[in-house]
Structure formats: structure tokens, C-alpha cells
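S.K.: input-v1.csv is the file, holding CSV, C-alpha atoms:
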```csv
chain,number,residue,atom,x,y,z
J,8,MET,CA,81.4,101.2,105.9
J,9,THR,CA,78.7,101.0,103.3
J,10,GLN,CA,79.2,100.2,99.6
J,11,THR,CA,78.0,103.7,98.8
J,12,THR,CA,80.8,105.2,100.9
J,13,PHE,CA,83.5,103.3,99.1
J,14,GLU,CA,81.9,103.7,95.7
J,15,THR,CA,81.8,107.5,96.0
J,16,ALA,CA,85.6,107.5,96.6
J,17,TYR,CA,86.4,105.0,93.9
J,18,GLN,CA,84.4,106.9,91.3
J,19,GLU,CA,86.8,109.8,91.8
J,20,ILE,CA,90.0,107.8,91.8
J,21,PHE,CA,89.5,105.0,89.3
J,22,PRO,CA,89.0,106.1,85.7
J,23,PHE,CA,87.7,102.6,84.8
J,24,TRP,CA,85.0,102.5,87.5
J,25,GLU,CA,82.0,103.2,85.2
J,26,GLU,CA,83.4,100.8,82.5
J,27,ILE,CA,83.3,97.6,84.6
J,28,PRO,CA,80.1,95.7,85.5
J,29,ALA,CA,78.1,96.6,88.5
J,30,SER,CA,78.8,93.2,90.0
J,31,ASP,CA,82.5,93.8,89.9
J,32,ARG,CA,82.1,97.3,91.4
J,33,ALA,CA,80.1,95.7,94.2
J,34,TYR,CA,82.7,93.0,94.7
J,35,ILE,CA,85.5,95.5,95.1
J,36,CYS,CA,83.5,97.5,97.6
J,37,GLN,CA,82.6,94.3,99.6
J,38,HIS,CA,86.3,93.5,99.9
J,39,SER,CA,87.3,97.0,101.0
J,40,LEU,CA,88.2,98.1,104.5
J,41,SER,CA,88.6,101.5,106.1
J,42,LEU,CA,91.7,101.2,108.3
J,43,HIS,CA,93.5,103.5,110.7
J,44,TYR,CA,97.2,103.2,111.0
J,45,PRO,CA,98.9,104.9,114.0
J,46,LYS,CA,102.2,106.6,113.4
J,47,GLY,CA,105.0,104.0,113.2
J,48,THR,CA,102.8,101.1,112.1
J,49,HIS,CA,104.4,98.6,109.7
J,50,ILE,CA,101.7,98.3,107.0
J,51,HIS,CA,103.5,96.1,104.4
J,52,ASP,CA,106.6,94.0,105.0
J,53,GLY,CA,107.8,92.9,101.6
J,54,GLN,CA,106.4,89.8,99.9
J,55,GLU,CA,102.8,89.6,101.2
J,56,CYS,CA,99.9,91.0,99.1
J,57,SER,CA,98.5,93.7,101.4
J,58,GLY,CA,96.2,95.1,98.8
J,59,VAL,CA,95.6,98.4,97.1
J,60,ILE,CA,96.0,101.3,99.6
J,61,LEU,CA,94.3,104.6,99.1
J,62,ILE,CA,95.4,107.4,101.5
J,63,LEU,CA,92.6,109.5,102.9
J,64,SER,CA,94.8,111.4,105.5
J,65,GLY,CA,98.2,111.2,106.9
J,66,SER,CA,101.4,110.0,105.3
J,67,LEU,CA,103.0,106.6,104.3
J,68,ARG,CA,106.6,105.9,103.5
J,69,VAL,CA,107.6,103.4,100.8
J,70,SER,CA,111.1,102.0,101.1
J,71,ILE,CA,113.4,99.1,100.1
J,72,MET,CA,115.9,97.4,102.4
J,73,SER,CA,119.3,95.9,101.8
J,74,GLU,CA,120.5,92.5,103.0
J,75,THR,CA,122.3,94.3,105.8
J,76,GLY,CA,119.2,96.0,107.0
J,77,LYS,CA,119.8,99.5,105.5
J,78,ASP,CA,116.7,101.0,104.1
J,79,ILE,CA,116.2,103.7,101.5
J,80,THR,CA,113.0,105.8,101.1
J,81,LEU,CA,111.7,105.5,97.5
J,82,TYR,CA,108.8,108.0,98.0
J,83,ARG,CA,106.1,109.1,100.3
J,84,LEU,CA,102.4,109.0,99.9
J,85,TYR,CA,99.9,111.7,101.1
J,86,LYS,CA,96.2,112.4,101.0
J,87,GLY,CA,94.7,111.4,97.6
J,88,ASP,CA,97.6,109.1,96.7
J,89,MET,CA,97.4,105.4,96.0
J,90,CYS,CA,99.9,102.6,96.4
J,91,MET,CA,99.9,99.7,94.0
J,92,LEU,CA,103.2,98.2,94.9
J,93,SER,CA,101.7,96.8,98.0
J,94,ALA,CA,99.5,94.5,95.8
J,95,SER,CA,102.1,92.1,94.5
J,96,CYS,CA,99.3,89.6,93.5
J,97,VAL,CA,98.0,92.2,91.1
J,98,LEU,CA,101.3,93.2,89.6
J,99,GLU,CA,103.0,89.9,89.2
J,100,ALA,CA,105.9,91.5,87.2
J,101,ILE,CA,107.0,93.4,90.3
J,102,THR,CA,109.5,91.0,91.8
J,103,PHE,CA,111.3,93.2,94.4
J,104,ASP,CA,110.0,93.8,98.0
J,105,VAL,CA,108.9,97.1,99.2
J,106,PHE,CA,108.1,98.1,102.8
J,107,ILE,CA,105.4,100.6,103.8
J,108,ASP,CA,105.2,102.4,107.1
J,109,ALA,CA,102.9,105.0,108.5
J,110,GLU,CA,104.9,108.2,109.0
J,111,GLU,CA,101.9,109.9,110.6
J,112,ASP,CA,98.5,108.7,111.9
J,113,SER,CA,96.9,107.7,108.7
J,114,GLN,CA,93.4,106.8,107.5
J,115,CYS,CA,93.2,104.6,104.5
J,116,TYR,CA,90.9,102.5,102.3
J,117,VAL,CA,92.4,99.1,101.6
J,118,ILE,CA,91.1,96.9,98.8
J,119,SER,CA,91.9,93.2,99.2
J,120,GLY,CA,94.8,92.3,96.8
J,121,PRO,CA,93.3,88.9,95.7
J,122,ALA,CA,89.9,90.5,95.2
J,123,PHE,CA,91.3,93.3,93.1
J,124,ALA,CA,93.4,90.8,91.1
J,125,ALA,CA,90.4,88.7,90.4
J,126,VAL,CA,88.4,91.6,89.1
J,127,SER,CA,91.4,92.9,87.0
J,128,LYS,CA,91.6,89.5,85.2
J,129,ARG,CA,88.1,90.0,84.0
J,130,ASN,CA,88.6,93.7,83.1
J,131,PRO,CA,91.7,94.6,81.0
J,132,SER,CA,91.1,98.3,81.8
J,133,ILE,CA,91.9,97.7,85.5
J,134,LYS,CA,95.1,95.8,84.6
J,135,ILE,CA,96.2,98.7,82.3
J,136,PHE,CA,95.4,101.2,85.1
J,137,SER,CA,97.4,99.2,87.7
J,138,LEU,CA,100.4,99.0,85.4
J,139,GLU,CA,100.3,102.7,84.6
J,140,ALA,CA,100.0,103.6,88.3
J,141,ALA,CA,103.0,101.5,89.1
J,142,VAL,CA,105.1,102.8,86.2
J,143,GLY,CA,104.2,106.3,87.2
J,144,ARG,CA,105.9,105.8,90.5
J,145,PHE,CA,109.1,104.5,88.9
J,146,SER,CA,110.0,108.1,87.9
J,147,ASP,CA,110.2,108.8,91.7
J,148,VAL,CA,112.3,105.7,92.2
J,149,MET,CA,114.7,106.6,89.4
J,150,TRP,CA,115.1,110.1,90.8
J,151,VAL,CA,116.1,108.6,94.2
J,152,MET,CA,118.6,106.2,92.5
J,153,GLN,CA,120.0,109.1,90.5
J,154,GLN,CA,120.6,111.1,93.6
J,155,ILE,CA,122.3,108.3,95.5
J,156,LEU,CA,124.5,107.2,92.6
J,157,PHE,CA,125.4,110.5,90.9
J,158,MET,CA,124.9,113.5,93.3
J,159,SER,CA,127.2,114.8,96.0
J,160,MET,CA,125.9,114.7,99.5
J,161,ASP,CA,125.7,118.4,99.9
J,162,LYS,CA,123.5,118.7,96.8
J,163,ARG,CA,121.3,115.8,97.9
J,164,LEU,CA,120.8,117.3,101.4
J,165,ALA,CA,120.1,120.7,100.0
J,166,ILE,CA,117.4,119.3,97.7
J,167,PHE,CA,115.9,117.3,100.5
J,168,LEU,CA,115.7,120.3,102.9
J,169,LEU,CA,114.1,122.5,100.2
J,170,ASP,CA,111.6,119.9,99.2
J,171,GLU,CA,110.6,119.3,102.8
J,172,SER,CA,110.2,123.0,103.3
J,173,ALA,CA,108.0,123.3,100.2
J,174,ARG,CA,105.9,120.3,101.2
J,175,THR,CA,105.3,121.5,104.7
J,176,GLY,CA,105.1,125.2,103.9
J,177,SER,CA,107.5,126.0,106.7
J,178,SER,CA,111.2,126.8,107.1
J,179,THR,CA,111.3,124.8,110.3
J,180,LEU,CA,111.6,121.1,109.8
J,181,SER,CA,110.9,118.8,112.8
J,182,LEU,CA,113.2,116.0,111.7
J,183,THR,CA,116.0,114.2,113.5
J,184,HIS,CA,119.3,113.5,111.8
J,185,GLU,CA,118.4,109.8,111.9
J,186,GLN,CA,115.1,110.4,110.1
J,187,ILE,CA,116.8,112.5,107.4
J,188,ALA,CA,119.5,109.8,106.9
J,189,ARG,CA,116.8,107.1,106.5
J,190,TYR,CA,114.9,109.1,104.0
J,191,MET,CA,118.1,109.8,102.0
J,192,GLY,CA,119.6,106.3,102.3
J,193,SER,CA,122.6,107.6,104.1
J,194,ALA,CA,124.3,107.3,107.5
J,195,ARG,CA,123.3,109.6,110.4
J,196,GLU,CA,126.9,110.6,111.0
J,197,VAL,CA,127.2,111.8,107.4
J,198,VAL,CA,124.0,113.8,107.6
J,199,SER,CA,125.1,115.3,110.9
J,200,ARG,CA,128.5,116.4,109.5
J,201,MET,CA,126.8,118.0,106.4
J,202,LEU,CA,124.3,119.8,108.6
J,203,LYS,CA,127.1,121.1,110.7
J,204,TYR,CA,128.8,122.4,107.6
J,205,PHE,CA,125.5,124.0,106.4
J,206,ALA,CA,125.2,125.6,109.8
J,207,ASN,CA,128.7,127.0,109.7
J,208,GLU,CA,127.9,128.5,106.3
J,209,GLY,CA,124.8,130.2,107.7
J,210,LEU,CA,122.4,128.1,105.6
J,211,VAL,CA,120.6,126.4,108.5
J,212,GLU,CA,120.3,126.4,112.3
J,213,VAL,CA,120.4,123.0,113.9
J,214,SER,CA,118.7,122.5,117.3
J,215,ARG,CA,117.4,119.7,119.4
J,216,GLY,CA,113.9,120.4,118.0
J,217,GLY,CA,114.8,120.2,114.4
J,218,ILE,CA,116.3,122.3,111.6
J,219,GLU,CA,115.6,125.9,110.7
J,220,ILE,CA,116.4,127.0,107.1
J,221,LEU,CA,118.0,130.4,107.2
J,222,ASP,CA,119.1,130.9,103.6
J,223,LYS,CA,117.0,129.2,100.9
J,224,LYS,CA,118.8,131.0,98.2
J,225,GLY,CA,122.1,129.7,99.4
J,226,LEU,CA,120.7,126.1,99.5
J,227,ARG,CA,119.4,126.5,96.0
J,228,LYS,CA,122.9,127.4,94.7
J,229,LEU,CA,124.0,124.0,96.0
J,230,THR,CA,121.4,122.2,93.9
J,231,VAL,CA,122.6,123.5,90.5
```
Please go through the file and, once you have read it, give me the structure as C-alpha cells.
M.R.:
Amino acid sequence: MTQTTFETAYQEIFPFWEEIPASDRAYICQHSLSLHYPKGTHIHDGQECSGVILILSGSLRVSIMSETGKDITLYRLYKGDMCMLSASCVLEAITFDVFIDAEEDSQCYVISGPAFAAVSKRNPSIKIFSLEAAVGRFSDVMWVMQQILFMSMDKRLAIFLLDESARTGSSTLSLTHEQIARYMGSAREVVSRMLKYFANEGLVEVSRGGIEILDKKGLRKLTV
């Protein structure tokens, strides 16, 4: 990839781009890679500084994991999104480990963490942008924690199904019970029992191929 290719993308994404010296812009581009991650690839495993990830296509899943190996999805990233939590060397105040996996075949630009950190030390505007980007994601994290701690399972599942339907633009969700449980930080058995209850109430139809939402209005009543 040429510097011009990266720079065109970074001009649109980074509000500080024109404020920093040309030498620093060139340095960031020189330490950028265009990478393809096949579905299922483990991109970031906790403590290492993988770098700043910009998603050009596909979908990435950001999660945390307990000592027993149970993981909880914090949020997902799509085209146009950026992940700063994978660059622990840039955000030294972030002391917890996150894990990032490719949910779909994904094309990304990845800026070297040490290179981005070095430039940010010379340019306060980059540091401010990085912190604001990370803080912005904590609203998503707090929403997940609020659901887990304070919401009943039927309400959480109804919200999840409606959100997935809105995101994909379809009432048919090609998700397994295991996938839903992982996204929600629950057990597969609990999800299966609740989906069976939803099916008995005529809200959804569960099949081997996924879940068909039959009554969105009914699901919405569960979310209030």
C-alpha cells in the first residue's frame, strides 16, 4: 500500500490529521498495514499492543474474559469503526485485557501501536483524540454491564434480537444458541430455554438454521 492510500483514509477518520507535522503523518503511514482477517481469526489476545485498528469491511467482536474462561461481548465493530483498546501502549491508563476476534471476513488498516504512541507523545491532539475514542466506547461497555447486572433474561434477549434485526435489516437471524449466549455473556442452556419460551408465546420461530422473529411488537413489550 502507498502512503497516499493510507493518508486518504486517515484524513477522513482523524480530526487531528492536518494539525500534525507532515513528518509525523508520513511516519504513521509508513507503520501502517492493510490486513485481511478471515472469519474466526483471533486478532488481539489481551495484553499485547496490537495497534490501532480501522475496519474497512467485515465485523470484529471485542470481549473480556473471566478467570474461568467465560467471555462477554462488550461491543462489535463494523465498517468505518476504529478500535483503540487494542493499543494498550497508547492508552496506558487502560489496565484490563480485551480480546478481539473477526466475526466475518474483515479488511482492516492497522497502525503499529508503538509508532502511534511515539507520535502521540509529540502531539497532544492525538492523545486527546485517543482518550476520547476510548471513553466513547465505555458507554457501550456500561450498557452491557447494566443489562447483565440489572435486567431480566427475557428483557435482555428481546433487546438483543431486536437490535440484531435492526442491524441486519432482516427478521431472520442466522445465529446459533451458543453464539447468542456468548454475545450476551450467558449460558447456552439459558438462552435455549428462553427462546423456547419465546417460541411458545409466538414471538419467534426457532429452527436449525437460526431464528425467525414473528412478533416484533410482542418483543418490544418485553423491553419496557
S.K.: What lies within 7 Å of stretch 109-112 of chain J using only C-alpha atoms, ignoring chain neighbours under 3 positions off, as a ChimeraX atom specification?
M.R.: /J:44-50,65-68
S.K.: Please, which residues in stretch 105-198 of chain J fall within 12 Å of stretch 69-75 of chain J when counting all atoms listed in the file, and what is the closest atom pair and distance in Å to one decimal for each, ordered by chain then residue number, as CSV?
M.R.:
```
residue,atom,partner,partner_atom,distance
J:Val105,CA,J:Ile71,CA,5.0
J:Phe106,CA,J:Ser70,CA,5.2
J:Ile107,CA,J:Val69,CA,4.7
J:Asp108,CA,J:Val69,CA,6.8
J:Ala109,CA,J:Val69,CA,9.2
J:Glu110,CA,J:Val69,CA,9.9
J:Arg144,CA,J:Val69,CA,10.7
J:Asp147,CA,J:Val69,CA,10.9
J:Val148,CA,J:Ser70,CA,9.7
J:Val151,CA,J:Ser70,CA,10.8
J:Met152,CA,J:Ile71,CA,11.6
J:Arg189,CA,J:Ser70,CA,9.4
J:Tyr190,CA,J:Ser70,CA,8.6
J:Met191,CA,J:Ser70,CA,10.5
J:Gly192,CA,J:Ser70,CA,9.6
```
S.K.: Do you know which residues are at most 8 Å from J:Thr183 counting all atoms listed in the file, after dropping those on the same chain fewer than 2 positions away, and could you put them as a VMD selection string?
M.R.: chain J and resid 181 185 to 187 216 to 217
S.K.: Mind giving me the straight-line distance from atom CA of J:Trp24 to atom CA of J:Ile133 in Å, one decimal?
M.R.: 8.6 Å
S.K.: I'd like the contact shell of stretch 204-207 of chain J - 10 Å cut-off, all atoms listed in the file, skipping same-chain residues fewer than 6 positions apart - returned as a ChimeraX atom specification.
M.R.: /J:161,164-165,198,213,218-222,225-226
S.K.: Find, counting only C-alpha atoms, the residue in J:Cys115, J:Val126, J:Ala140, J:Ser159 that gets nearest to J:Ala29.
M.R.: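 Closest to J:Ala29, using only C-alpha atoms: J:Val126.
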S.K.: For a test of reading the model, state the distance in Å between atom CA of J:Pro131 and atom CA of J:Gln18, rounded to one decimal.
M.R.: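 Straight-line distance from atom CA of J:Pro131 to atom CA of J:Gln18 works out to 17.6 Å.
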S.K.: Counting only C-alpha atoms, figure out which residue out of J:Ile79, J:Leu182, J:Ala194, J:Ile166 gets nearest to J:Ser214.
M.R.: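 Once distances to J:Ser214 are computed over only C-alpha atoms, the minimum belongs to J:Leu182.
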S.K.: Quick one: everything within 10 Å of stretch 32-38 of chain J, counting only C-alpha atoms, minus sequence neighbours fewer than 2 positions away in the same chain. Send it as number ranges by chain.
M.R.: J: 8-14, 17-18, 24-30, 40, 117-123, 125-126
